[in-house]
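Dropping protein.cif in here (mmCIF, C-alpha atoms):
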data_run
loop_
_atom_site.label_atom_id
_atom_site.label_comp_id
_atom_site.auth_asym_id
_atom_site.auth_seq_id
_atom_site.Cartn_x
_atom_site.Cartn_y
_atom_site.Cartn_z
CA MET B 371 -14.00 -1.00 -3.90
CA ASN B 372 -15.19 2.57 -3.79
CA LYS B 373 -18.36 3.52 -5.59
CA THR B 374 -16.64 5.66 -8.17
CA LEU B 375 -15.67 2.55 -10.14
CA LEU B 376 -18.09 3.13 -12.97
CA ASN B 377 -16.73 6.62 -13.43
CA SER B 378 -13.13 5.44 -13.70
CA LEU B 379 -11.11 6.87 -16.53
CA MET B 380 -10.15 4.91 -19.59
CA ILE B 381 -6.56 3.84 -19.12
CA LEU B 382 -5.68 2.86 -22.67
CA GLY B 383 -3.65 5.58 -24.29
CA MET B 384 -3.32 7.70 -21.15
CA GLY B 385 0.39 7.95 -21.81
CA ILE B 386 1.45 7.63 -18.18
CA GLY B 387 2.29 3.93 -18.28
CA ASN B 388 1.14 3.27 -14.73
CA ILE B 389 -1.78 2.38 -12.53
CA SER B 390 -3.52 5.68 -12.11
CA LEU B 391 -7.19 6.35 -12.47
CA ALA B 392 -7.20 9.40 -10.26
CA GLN B 393 -6.00 12.67 -11.69
CA ALA B 394 -3.81 15.22 -9.93
CA GLU B 395 -5.86 17.86 -8.20
CA THR B 396 -5.14 21.45 -7.35
CA GLY B 397 -5.21 22.28 -3.67
CA SER B 398 -4.93 25.41 -1.57
CA VAL B 399 -2.33 26.91 0.76
CA GLN B 400 0.92 25.61 -0.74
CA MET B 401 -0.76 22.85 -2.72
CA GLN B 402 -0.96 22.75 -6.46
CA ALA B 403 -2.67 21.12 -8.42
CA GLU B 404 -5.33 -19.19 1.10
CA ILE B 405 -5.15 -19.78 -2.44
CA PRO B 406 -8.79 -20.73 -3.26
CA ASN B 407 -9.67 -24.12 -4.70
CA GLY B 408 -10.68 -24.55 -8.30
CA THR B 409 -8.47 -22.88 -10.83
CA ASN B 410 -8.78 -22.32 -14.53
CA ASN B 411 -5.66 -21.73 -16.56
CA LYS B 412 -7.19 -21.51 -20.02
CA LYS B 413 -5.54 -19.06 -22.36
CA SER B 414 -7.39 -16.58 -24.50
CA GLY B 415 -6.25 -14.55 -27.44
CA GLY B 416 -3.75 -11.73 -27.29
CA MET B 417 -4.60 -8.06 -27.09
CA GLN B 418 -4.40 -7.68 -30.86
CA ASP B 419 -7.18 -10.29 -31.22
CA SER B 420 -9.48 -8.78 -28.61
CA VAL B 421 -12.11 -6.08 -28.52
CA PHE B 422 -13.18 -3.58 -25.88
CA TYR B 423 -16.86 -4.44 -25.65
CA SER B 424 -19.50 -6.66 -27.26
CA GLU B 425 -23.22 -6.55 -27.93
CA HIS B 426 -24.09 -7.39 -24.32
CA ILE B 427 -20.90 -6.48 -22.46
CA ARG B 428 -20.54 -2.81 -21.63
CA ALA B 429 -17.16 -2.76 -19.91
CA VAL B 430 -14.31 -4.84 -18.53
CA THR B 431 -12.45 -3.55 -15.48
CA ALA B 432 -9.20 -4.89 -14.02
CA VAL B 433 -9.01 -4.68 -10.22
CA THR B 434 -5.75 -4.33 -8.32
CA GLU B 435 -4.86 -4.54 -4.65
CA VAL B 436 -1.67 -3.72 -2.77
CA PHE B 437 0.13 -6.39 -0.74
CA GLY B 438 3.29 -6.36 1.32
CA ASP B 439 5.40 -6.94 -1.77
CA GLY B 440 3.51 -4.66 -4.12
CA GLN B 441 0.41 -4.25 -6.24
CA ARG B 442 -1.24 -7.18 -8.05
CA THR B 443 -4.21 -7.76 -10.32
CA THR B 444 -6.75 -9.67 -8.22
CA ALA B 445 -10.02 -9.59 -10.15
CA VAL B 446 -11.83 -8.70 -13.35
CA ILE B 447 -15.31 -7.19 -13.42
CA VAL B 448 -17.42 -7.73 -16.51
CA GLU B 449 -20.43 -5.44 -16.80
CA TYR B 450 -23.40 -6.78 -18.81
CA ASP B 451 -26.37 -4.83 -20.10
CA VAL B 452 -28.90 -6.77 -17.97
CA PRO B 453 -28.73 -8.75 -14.71
CA ILE B 454 -27.08 -12.18 -14.97
CA LYS B 455 -28.34 -15.26 -13.14
CA ASN B 456 -25.65 -16.19 -10.66
CA LYS B 457 -26.42 -19.92 -10.84
CA SER B 458 -25.40 -19.94 -14.50
CA LEU B 459 -21.79 -19.08 -13.59
CA THR B 460 -18.86 -21.39 -12.74
CA THR B 461 -15.09 -21.02 -12.78
CA HIS B 462 -15.21 -22.50 -16.29
CA THR B 463 -17.57 -19.88 -17.69
CA PHE B 464 -14.68 -17.54 -18.38
CA SER B 465 -10.96 -17.62 -18.92
CA VAL B 466 -8.51 -14.80 -18.30
CA SER B 467 -5.28 -14.89 -20.24
CA ASN B 468 -2.25 -15.88 -18.16
CA HIS B 469 -4.28 -15.93 -14.95
CA ASN B 470 -5.92 -18.67 -12.86
CA ILE B 471 -9.54 -18.06 -11.94
CA THR B 472 -10.49 -18.90 -8.35
CA LYS B 473 -14.09 -17.72 -8.15
CA VAL B 474 -16.85 -16.39 -10.43
CA TYR B 475 -20.12 -14.85 -9.29
CA ALA B 476 -22.65 -12.19 -10.15
CA SER B 477 -23.40 -9.08 -8.16
CA ASP B 478 -25.61 -6.02 -8.33
CA TRP B 479 -22.61 -3.83 -7.62
CA ALA B 480 -19.19 -3.63 -9.19
CA GLU B 481 -17.11 -4.94 -6.32
CA LYS B 482 -15.63 -8.10 -4.87
CA ASN B 483 -18.20 -9.48 -2.47
CA SER B 484 -18.60 -12.46 -0.16
CA ILE B 485 -22.29 -12.70 -1.04
CA ALA B 486 -23.14 -13.56 -4.64
CA LYS B 487 -26.45 -12.44 -6.09
CA ASP B 488 -28.01 -11.88 -9.48
CA GLY B 489 -26.81 -8.66 -11.03
CA ARG B 490 -25.30 -6.91 -14.04
CA PHE B 491 -21.74 -7.37 -12.83
CA VAL B 492 -19.83 -10.63 -13.07
CA ILE B 493 -16.87 -10.73 -10.70
CA ILE B 494 -13.99 -12.98 -11.74
CA GLU B 495 -11.54 -13.39 -8.87
CA LEU B 496 -7.95 -14.32 -9.76
CA ASN B 497 -5.16 -16.17 -8.00
CA VAL B 498 -3.06 -13.44 -6.42
CA ASN B 499 0.03 -15.68 -6.65
CA ASP B 500 -0.10 -15.99 -10.42
CA GLU B 501 3.22 -15.20 -12.05
CA ASN B 502 1.59 -12.43 -14.06
CA ALA B 503 -0.44 -10.95 -11.21
CA SER B 504 2.07 -8.28 -10.22
CA THR B 505 1.84 -4.78 -11.64
CA TYR B 506 4.74 -3.61 -9.44
CA ASN B 507 8.31 -4.64 -10.19
CA ALA B 508 11.07 -3.74 -7.76
CA GLN B 509 13.72 -4.57 -10.36
CA GLY B 510 12.48 -2.96 -13.56
CA PRO B 511 9.97 -0.36 -14.67
CA VAL B 512 8.25 0.17 -11.36
CA LEU B 513 4.63 0.15 -12.46
CA SER B 514 2.65 -1.26 -15.33
CA GLN B 515 -1.00 -1.20 -16.29
CA ALA B 516 -3.22 -4.07 -15.23
CA SER B 517 -3.99 -5.49 -18.67
CA VAL B 518 -6.34 -8.47 -18.85
CA VAL B 519 -7.97 -10.33 -21.73
CA VAL B 520 -11.21 -12.10 -20.87
CA THR B 521 -12.97 -14.82 -22.83
CA GLN B 522 -16.54 -15.86 -22.14
CA ALA B 523 -16.12 -19.59 -22.80
CA GLU B 524 -19.66 -20.81 -22.07
CA LYS B 525 -23.13 -19.39 -22.41
CA ILE B 526 -24.68 -17.60 -19.48
CA THR B 527 -28.29 -16.94 -18.55
CA THR B 528 -29.88 -13.60 -17.77
CA VAL B 529 -32.41 -13.13 -14.99
CA SER B 530 -35.13 -12.80 -17.60
CA GLY B 531 -34.21 -16.21 -19.05
CA LYS B 532 -32.29 -15.19 -22.15
CA SER B 533 -29.17 -17.06 -23.11
CA TYR B 534 -26.02 -15.06 -23.89
CA THR B 535 -23.65 -17.01 -26.08
CA PRO B 536 -19.92 -16.21 -25.99
CA PRO B 537 -18.83 -13.17 -28.04
CA ALA B 538 -16.86 -13.92 -31.18
CA LYS B 539 -13.66 -12.44 -29.71
CA PRO B 540 -12.15 -12.03 -26.23
CA LEU B 541 -12.39 -8.68 -24.54
CA SER B 542 -9.67 -6.54 -22.99
CA ASN B 543 -10.17 -4.15 -20.14
CA THR B 544 -10.57 -0.43 -20.70
CA ARG B 545 -10.82 0.43 -17.02
CA GLN B 546 -8.72 -0.15 -13.94
CA SER B 547 -9.79 0.08 -10.31
CA ASN B 548 -7.03 0.22 -7.69
CA LEU B 549 -8.38 -0.60 -4.25
CA ILE B 550 -7.33 1.94 -1.60
CA VAL B 551 -4.84 3.54 -3.99
CA ASP B 552 -7.71 5.32 -5.74
CA ASP B 553 -8.80 6.78 -2.40
CA PHE B 554 -5.69 8.95 -2.27
CA LYS B 555 -5.59 12.31 -4.02
CA GLN B 556 -2.52 13.72 -5.70
CA PHE B 557 -1.22 17.24 -5.07
CA LYS B 558 1.88 19.37 -5.50
CA PHE B 559 3.52 21.39 -2.76
CA THR B 560 5.71 24.34 -3.69
CA ASP B 561 8.16 24.95 -0.89
CA PRO B 562 8.18 28.65 0.06
CA GLU B 563 11.84 28.56 1.09
CA THR B 564 13.48 26.71 -1.81
CA GLY B 565 10.89 27.04 -4.56
CA LEU B 566 11.15 23.29 -5.14
CA THR B 567 8.03 21.27 -5.87
CA LEU B 568 7.13 18.05 -4.10
CA ASP B 569 4.44 15.67 -5.39
CA TYR B 570 2.49 13.98 -2.66
CA ASN B 571 -0.45 11.66 -2.08
CA LEU B 572 -2.97 12.50 0.61
CA TYR B 573 -5.72 10.36 2.06
CA VAL B 574 -8.45 12.45 3.66
CA PRO B 575 -10.70 10.54 6.07
CA LYS B 576 -14.12 9.78 4.69
CA ASP B 577 -16.81 12.03 6.13
CA TYR B 578 -14.09 14.48 7.14
CA ASP B 579 -15.39 16.88 9.79
CA ALA B 580 -13.49 20.13 10.19
CA ASN B 581 -14.77 20.38 13.77
CA ARG B 582 -12.94 17.19 14.69
CA GLN B 583 -9.19 16.78 14.99
CA TYR B 584 -7.55 13.85 13.21
CA PRO B 585 -4.15 12.20 13.56
CA LEU B 586 -1.84 12.07 10.56
CA VAL B 587 0.54 9.31 9.47
CA LEU B 588 3.49 10.33 7.32
CA PHE B 589 4.98 7.52 5.22
CA MET B 590 8.32 8.03 3.49
CA HIS B 591 9.32 5.50 0.85
CA ASP B 592 12.63 3.76 0.14
CA LEU B 593 15.13 4.52 -2.61
CA GLY B 594 13.63 1.88 -4.92
CA VAL B 595 10.63 3.96 -5.97
CA THR B 596 12.33 7.33 -6.13
CA GLY B 597 11.20 9.20 -9.21
CA PRO B 598 8.44 11.29 -10.78
CA ASN B 599 5.52 8.85 -10.68
CA PRO B 600 3.37 9.85 -7.67
CA TYR B 601 1.67 6.46 -7.56
CA ALA B 602 4.87 4.46 -7.05
CA THR B 603 4.94 4.97 -3.29
CA LEU B 604 1.34 3.73 -3.07
CA ALA B 605 1.86 0.60 -5.16
CA GLN B 606 5.22 -0.63 -3.83
CA GLY B 607 3.83 -2.14 -0.60
CA LEU B 608 1.71 -1.47 2.44
CA GLY B 609 3.69 1.39 3.96
CA ALA B 610 1.17 4.00 2.82
CA THR B 611 -2.02 2.16 1.92
CA VAL B 612 -2.39 0.03 5.07
CA TRP B 613 -3.27 3.12 7.10
CA ALA B 614 -6.01 4.08 4.63
CA SER B 615 -7.67 0.66 4.46
CA PRO B 616 -11.33 0.54 5.50
CA GLU B 617 -10.36 -1.73 8.39
CA SER B 618 -7.76 0.69 9.70
CA GLN B 619 -9.87 3.78 9.16
CA SER B 620 -12.81 2.23 11.02
CA LYS B 621 -10.57 1.99 14.08
CA HIS B 622 -8.33 4.99 13.56
CA ALA B 623 -9.71 7.63 11.23
CA ALA B 624 -6.61 9.50 10.10
CA PHE B 625 -4.96 11.46 7.35
CA VAL B 626 -2.25 9.58 5.47
CA LEU B 627 0.50 11.55 3.76
CA ALA B 628 2.76 9.78 1.25
CA PRO B 629 5.14 12.10 -0.61
CA GLN B 630 6.78 10.98 -3.83
CA TYR B 631 10.41 12.03 -3.70
CA PRO B 632 12.23 12.87 -6.95
CA VAL B 633 15.68 12.21 -5.47
CA ALA B 634 17.10 10.01 -2.71
CA LEU B 635 15.95 11.12 0.73
CA ALA B 636 18.93 9.80 2.70
CA ASN B 637 22.26 8.05 2.18
CA ASP B 638 24.64 5.81 4.11
CA ASN B 639 26.72 8.83 5.11
CA ASP B 640 23.94 9.95 7.46
CA GLN B 641 22.86 12.78 5.21
CA THR B 642 19.38 13.75 4.08
CA SER B 643 18.35 15.73 1.03
CA VAL B 644 16.62 19.10 1.22
CA TYR B 645 13.32 17.27 0.77
CA ALA B 646 13.43 16.15 4.40
CA ASP B 647 12.93 19.70 5.61
CA ILE B 648 10.50 20.37 2.78
CA THR B 649 8.40 17.50 4.13
CA VAL B 650 8.25 19.22 7.52
CA ARG B 651 7.06 22.42 5.88
CA LEU B 652 4.48 20.43 3.95
CA LEU B 653 3.21 19.03 7.26
CA GLN B 654 2.93 22.56 8.60
CA ALA B 655 0.98 23.68 5.53
CA LEU B 656 -1.44 20.77 5.78
CA GLN B 657 -2.11 21.57 9.43
CA LYS B 658 -3.26 25.03 8.33
CA GLN B 659 -5.59 23.63 5.70
CA TYR B 660 -7.10 20.68 7.58
CA SER B 661 -8.11 19.90 11.13
CA ILE B 662 -5.04 17.82 12.04
CA ASP B 663 -4.08 17.14 15.65
CA HIS B 664 -0.53 18.42 16.12
CA ASN B 665 -0.26 16.17 19.18
CA ARG B 666 -0.82 13.08 17.04
CA LEU B 667 1.56 13.36 14.13
CA TYR B 668 3.26 10.04 13.36
CA THR B 669 6.10 9.18 11.04
CA THR B 670 7.03 5.87 9.48
CA GLY B 671 9.24 4.77 6.65
CA GLN B 672 11.30 1.94 5.26
CA SER B 673 15.01 1.98 4.44
CA GLY B 674 15.76 5.55 3.33
CA GLY B 675 12.35 6.63 4.60
CA CYS B 676 13.19 5.12 7.98
CA MET B 677 16.54 6.90 7.97
CA THR B 678 14.81 10.18 7.23
CA SER B 679 12.33 9.56 10.04
CA ILE B 680 15.31 9.17 12.35
CA ALA B 681 16.91 12.34 11.02
CA LEU B 682 13.69 14.30 11.56
CA ASN B 683 13.35 12.93 15.08
CA ILE B 684 16.86 14.20 15.78
CA LYS B 685 16.33 17.65 14.27
CA TYR B 686 12.73 18.07 15.39
CA PRO B 687 12.50 15.94 18.57
CA ASP B 688 9.12 17.41 19.53
CA LEU B 689 7.43 17.05 16.13
CA PHE B 690 6.12 13.48 16.21
CA ALA B 691 4.09 11.74 18.88
CA ALA B 692 5.63 8.40 17.88
CA SER B 693 7.58 6.72 15.07
CA PHE B 694 7.42 3.30 13.40
CA LEU B 695 10.92 2.69 12.04
CA VAL B 696 11.41 -0.13 9.53
CA ALA B 697 14.76 -1.40 8.20
CA GLY B 698 16.94 1.65 8.68
CA GLN B 699 20.14 2.79 10.34
CA TRP B 700 21.98 5.99 11.27
CA ASP B 701 25.04 7.20 13.13
CA ALA B 702 24.20 6.05 16.65
CA ASN B 703 26.10 8.93 18.24
CA LYS B 704 23.76 11.40 16.52
CA THR B 705 20.58 9.81 17.87
CA ILE B 706 20.91 10.97 21.47
CA PRO B 707 18.28 13.77 21.03
CA MET B 708 15.61 11.13 20.37
CA ALA B 709 16.25 9.12 23.56
CA LYS B 710 12.95 10.22 25.05
CA ASN B 711 10.92 9.71 21.89
CA LYS B 712 8.41 6.91 21.43
CA LEU B 713 9.75 4.45 18.88
CA TRP B 714 8.80 1.03 17.55
CA ILE B 715 11.68 -0.39 15.55
CA VAL B 716 11.54 -3.43 13.24
CA VAL B 717 14.54 -4.93 11.45
CA SER B 718 15.61 -8.36 10.22
CA GLU B 719 18.64 -10.31 11.42
CA ASP B 720 19.20 -10.99 7.71
CA ASP B 721 19.75 -7.26 7.11
CA SER B 722 23.49 -6.66 7.11
CA LYS B 723 23.16 -2.91 7.65
CA ALA B 724 19.92 -2.16 9.47
CA TYR B 725 20.32 -4.92 12.08
CA PRO B 726 23.76 -3.91 13.41
CA GLY B 727 22.83 -0.28 12.86
CA MET B 728 19.73 -0.46 15.03
CA ASN B 729 21.57 -2.53 17.63
CA ALA B 730 23.97 0.37 18.01
CA ILE B 731 21.21 2.98 18.04
CA THR B 732 19.13 1.25 20.70
CA GLN B 733 22.24 0.77 22.84
CA THR B 734 23.01 4.47 22.58
CA LEU B 735 19.43 5.41 23.37
CA ALA B 736 19.42 3.16 26.43
CA GLN B 737 22.68 4.73 27.64
CA ASN B 738 21.02 8.12 27.39
CA GLY B 739 17.83 7.42 29.31
CA ALA B 740 15.62 5.47 26.94
CA LYS B 741 13.78 2.45 28.25
CA VAL B 742 14.26 -0.20 25.58
CA THR B 743 12.54 -3.56 25.39
CA ARG B 744 13.87 -6.06 22.82
CA ALA B 745 12.40 -9.17 21.23
CA VAL B 746 13.13 -11.59 18.38
CA TRP B 747 10.11 -12.69 16.35
CA ASP B 748 9.49 -15.28 13.65
CA ALA B 749 8.55 -13.38 10.50
CA ASN B 750 6.52 -16.41 9.34
CA ALA B 751 4.06 -15.99 12.20
CA ASP B 752 0.38 -15.62 11.45
CA ALA B 753 -1.71 -12.64 12.54
CA ALA B 754 -2.79 -14.29 15.79
CA GLN B 755 0.82 -15.00 16.77
CA PHE B 756 1.87 -11.47 15.93
CA ASP B 757 -0.92 -10.22 18.20
CA ARG B 758 0.53 -12.33 21.01
CA ASP B 759 4.02 -11.10 20.21
CA VAL B 760 2.93 -7.48 20.47
CA LYS B 761 1.20 -8.07 23.80
CA ASN B 762 4.19 -9.99 25.16
CA ILE B 763 6.76 -7.31 24.38
CA GLN B 764 4.55 -4.61 25.87
CA GLN B 765 3.99 -6.68 29.00
CA SER B 766 7.74 -7.22 29.26
CA GLY B 767 8.35 -3.48 29.15
CA PRO B 768 5.19 -1.62 30.10
CA ASP B 769 7.11 1.59 30.74
CA SER B 770 9.34 1.39 27.68
CA ASN B 771 9.40 4.21 25.17
CA VAL B 772 11.35 2.08 22.68
CA TYR B 773 10.31 -1.36 21.44
CA TYR B 774 12.90 -3.08 19.30
CA VAL B 775 11.90 -6.14 17.27
CA ALA B 776 14.25 -8.20 15.10
CA PHE B 777 12.87 -10.86 12.78
CA LYS B 778 14.72 -14.12 13.43
CA LYS B 779 17.43 -14.91 10.92
CA GLY B 780 16.18 -17.02 8.04
CA THR B 781 12.49 -16.23 8.52
CA VAL B 782 11.89 -13.02 6.61
CA ILE B 783 12.91 -14.18 3.12
CA PRO B 784 10.23 -16.29 1.38
CA ALA B 785 11.07 -19.90 0.54
CA GLY B 786 12.58 -20.18 -2.91
CA GLN B 787 13.67 -16.55 -3.04
CA SER B 788 17.36 -15.80 -3.30
CA THR B 789 19.00 -14.63 -0.11
CA ALA B 790 21.55 -12.60 -2.04
CA GLY B 791 21.78 -8.83 -2.09
CA ALA B 792 19.22 -6.88 -0.13
CA ALA B 793 16.60 -9.65 0.16
CA GLY B 794 16.76 -9.58 3.95
CA HIS B 795 16.41 -5.83 3.86
CA ARG B 796 13.49 -5.45 1.43
CA ASN B 797 11.48 -8.31 2.92
CA THR B 798 11.45 -6.62 6.31
CA TRP B 799 8.77 -4.14 5.26
CA ARG B 800 6.87 -6.86 3.39
CA ILE B 801 6.01 -8.19 6.86
CA ALA B 802 6.34 -5.23 9.22
CA TYR B 803 3.37 -3.20 7.99
CA THR B 804 1.03 -6.20 8.21
CA ILE B 805 1.34 -6.33 12.02
CA GLU B 806 -1.82 -4.73 13.30
CA GLY B 807 -0.72 -4.49 16.92
CA ILE B 808 2.19 -2.21 16.06
CA ARG B 809 -0.08 0.04 14.05
CA ASP B 810 -2.54 0.17 16.97
CA TRP B 811 0.32 1.07 19.33
CA LEU B 812 1.22 4.02 17.12
CA PHE B 813 -2.24 5.55 17.32
CA GLN B 814 -2.26 5.16 21.11
CA GLN B 815 0.62 7.61 21.44
CA HIS B 816 0.13 11.31 22.14
CA LYS B 817 2.54 14.12 22.78
#
With the file now loaded, output its structure as structure tokens.
Amino acid sequence: MNKTLLNSLMILGMGIGNISLAQAETGSVQMQAEIPNGTNNKKSGGMQDSVFYSEHIRAVTAVTEVFGDGQRTTAVIVEYDVPIKNKSLTTHTFSVSNHNITKVYASDWAEKNSIAKDGRFVIIELNVNDENASTYNAQGPVLSQASVVVTQAEKITTVSGKSYTPPAKPLSNTRQSNLIVDDFKQFKFTDPETGLTLDYNLYVPKDYDANRQYPLVLFMHDLGVTGPNPYATLAQGLGATVWASPESQSKHAAFVLAPQYPVALANDNDQTSVYADITVRLLQALQKQYSIDHNRLYTTGQSGGCMTSIALNIKYPDLFAASFLVAGQWDANKTIPMAKNKLWIVVSEDDSKAYPGMNAITQTLAQNGAKVTRAVWDANADAAQFDRDVKNIQQSGPDSNVYYVAFKKGTVIPAGQSTAGAAGHRNTWRIAYTIEGIRDWLFQQHK
């Protein structure tokens, strides 16, 4: 969690109906503006029976994190007026309405931590698989606020020895902290050619040094989150946020660009909207404002974003150093210009469009000089197995410029989830962006 938590904005009554704590900023150039053991499923009162703070509780903050299938509420942080003795806390000390508690501990800082210590902040970790954990819904209103109601069910002890009895009423959160998402800034780009405006999210590397050149990863979202809310592309899955995680940035400090498109980027007739070219001009503008290495521009996207990445590779074959293409397709005959480009492609055999589509594309690329290495992986593999899979495919084709991975049929869709419709399609990117070795490969590529 970043250290701006305590300065987070109040989310009640913001009127935006989504996850945001960050506000849009005005830029320059063209810019404007394992499930843990021990659960507790007690229920507390509804929002109408709760309060925002009590005599000893200063604030309640809901914490969200983004996973492969979207954003979820993962913790609650209760701030007291004095340090709390950690030994006085158990998973039964609190209840959180409609959530299972997995861990409770005190801390001297407002963040999830592996080391508990006495402090003013009580961290209540929640089961991420709770039915009510998700704040992202692929089927309905895309984003919702992380609303939690917390009840202190037992007394707790302060470091000084005082006993804090439970408040008369449960408390609801007035703050929301969105891990990684809050590290992005929101801007607007006014295209000089069309006059159209494009909202976008930009992650700037921490400790940015203008004397150093940084790579940039462009992520383009799928049709499902098309619309005016700039945070949708950040909350829908890992396509944008995974590159900005502390773990990724410690290895590969990079800019991450995630535009929010107001209309569909691409369609099944192999057409792209004007926003594809606008995105290229946005990239050019950002390179004038920041120290971005033009030899290390990368594109990635899922579904329509993947299709647009393909289209841009065709139209601008020298623009990107490499591309990570997830669950897309295109007219294979049009892809010949990208035969020499560096591509890592991931689809699912359960995807009735992307799988045959990419089969055709890779065949065409191979016929036109590309060196293609193919593999079929089990999407249920753990991280260690995926590491081995990445090494194996690279060893099988050390000189390949195209790596083509298909998730084995029947492995990408979670048990119990319907296989109807686009389940095989959408679940491809739920897994693809978690594979560290592919992400590492991307950053190894230079023009």
Could you tell me which residues the PyMOL selection byres ((chain B and resi 720) around 10) returns for this structure, as JSON, numbers by chain? {"B": [717, 718, 719, 721, 722, 723, 724, 725, 776, 777, 778, 779, 780, 781, 782, 783, 789, 792, 793, 794, 795, 797, 798]}
Inset, instruction - Could you tell me how far CA of Trp479 (chain B) lies from CA of Ala516 (chain B), in Å and to one decimal? - result: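 If I compute the distance from CA of Trp479 (chain B) to CA of Ala516 (chain B), I get 20.8 Å.
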Notebook entry, point to check: Can you tell me how far CA of Ile805 (chain B) sits from CA of Ala697 (chain B), in Å to one decimal?
Noted result: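 Straight-line distance from CA of Ile805 (chain B) to CA of Ala697 (chain B) works out to 14.8 Å.
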(request) Could you state which residues are captured by the PyMOL selection byres ((chain B and resi 486-495) around 10) in this file, as number ranges by chain? (result) B: 406, 427-433, 443-461, 463-466, 469-485, 496-498, 520, 528-529
| Picked residues, the PyMOL selection byres ((chain B and resi 540) around 6), expected as a PyMOL selection string | chain B and resi 420+520-521+539+541
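Our summary of the geometry notes that CA of Lys532 (chain B) is positioned 27.0 Å from CA of Val518 (chain B).
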Under the rule that all atoms listed in the file are counted, which of B:Pro600, B:Gln699, B:Ala614, B:Pro585 is the nearest residue to Leu653 (chain B)?
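Going through B:Pro600, B:Gln699, B:Ala614, B:Pro585 one by one, the smallest distance to Leu653 (chain B) is for B:Pro585.
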(request) Would you please work out which residue, of B:Gly438, B:Gly807, B:Gly739, B:Gly594, is nearest to Leu608 (chain B) when using all atoms listed in the file? (result)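 Checking each candidate against Leu608 (chain B), we get B:Gly438 as the closest.
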Within 7 Å of Ser673 (chain B), counting all atoms listed in the file, which residues qualify if same-chain residues fewer than 6 places away don't, as a ChimeraX atom specification?
/B:592,696-698
Same residues, C-alpha atoms, output as a compact mmCIF listing (two decimals), in the coordinates of the input:
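The resulting out_13.txt:
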# COMPACT_ATOMS: atom_id res chain seq x y z
CA ASP B 592 12.63 3.76 0.14
CA VAL B 696 11.41 -0.13 9.53
CA ALA B 697 14.76 -1.40 8.20
CA GLY B 698 16.94 1.65 8.68
Calculated over all atoms listed in the file, which of the candidates B:Gly675, B:Gly727, B:Pro768, B:Gly597 has the smallest distance to Asn703 (chain B)?
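Going through B:Gly675, B:Gly727, B:Pro768, B:Gly597 one by one, the smallest distance to Asn703 (chain B) is for B:Gly727.
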Exercise for the section: Using only C-alpha atoms, determine which residues lie at most 9 Å from Ser517 (chain B), disregarding the query and same-chain residues fewer than 3 positions distant; provide the list as a list in words. Expected result: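 After dropping sequence-adjacent residues, the list is Met417, Ala432, Thr443, Ser514, Ser542, Asn543, Thr544 and Gln546 of chain B.
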I need the residue nearest Asp638 (chain B) from this list: B:Leu593, B:Leu735, B:Ala754, B:Ala740. Use all atoms listed in the file for the distance.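 Of B:Leu593, B:Leu735, B:Ala754, B:Ala740, the one nearest Asp638 (chain B) is B:Leu593, counting all atoms listed in the file.
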Around (-11.3, 13.8, 6.9) in the file's own coordinates, what residues are found within 10 Å if you use only C-alpha atoms, given back as an mmCIF file with C-alpha atoms, in the coordinates of the input?
data_model
loop_
_atom_site.group_PDB
_atom_site.id
_atom_site.type_symbol
_atom_site.label_atom_id
_atom_site.label_comp_id
_atom_site.auth_asym_id
_atom_site.auth_seq_id
_atom_site.Cartn_x
_atom_site.Cartn_y
_atom_site.Cartn_z
ATOM 1 C CA TYR B 573 -5.720 10.360 2.060
ATOM 2 C CA VAL B 574 -8.450 12.450 3.660
ATOM 3 C CA PRO B 575 -10.700 10.540 6.070
ATOM 4 C CA LYS B 576 -14.120 9.780 4.690
ATOM 5 C CA ASP B 577 -16.810 12.030 6.130
ATOM 6 C CA TYR B 578 -14.090 14.480 7.140
ATOM 7 C CA ASP B 579 -15.390 16.880 9.790
ATOM 8 C CA ALA B 580 -13.490 20.130 10.190
ATOM 9 C CA ARG B 582 -12.940 17.190 14.690
ATOM 10 C CA GLN B 583 -9.190 16.780 14.990
ATOM 11 C CA TYR B 584 -7.550 13.850 13.210
ATOM 12 C CA PRO B 585 -4.150 12.200 13.560
ATOM 13 C CA ALA B 623 -9.710 7.630 11.230
ATOM 14 C CA ALA B 624 -6.610 9.500 10.100
ATOM 15 C CA PHE B 625 -4.960 11.460 7.350
ATOM 16 C CA TYR B 660 -7.100 20.680 7.580
ATOM 17 C CA SER B 661 -8.110 19.900 11.130
ATOM 18 C CA ILE B 662 -5.040 17.820 12.040
#
Closest of B:Gly440, B:Pro537, B:Gly607, B:Pro632 to Phe422 (chain B), counting only C-alpha atoms, is B:Pro537
| request: Rank nothing, just name the residue among B:Val650, B:Gln659, B:Phe813, B:Asp640 nearest to Gly674 (chain B), using all atoms listed in the file. | output: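 Counting all atoms listed in the file, the residue closest to Gly674 (chain B) is B:Asp640.
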| query | Neighbours of Tyr631 (chain B) within 10 Å (all atoms listed in the file; same-chain residues fewer than 2 positions away dropped), as a PyMOL selection string? | reply | chain B and resi 567-570+590-593+595-600+602-603+628-629+633-635+643+645-646+649
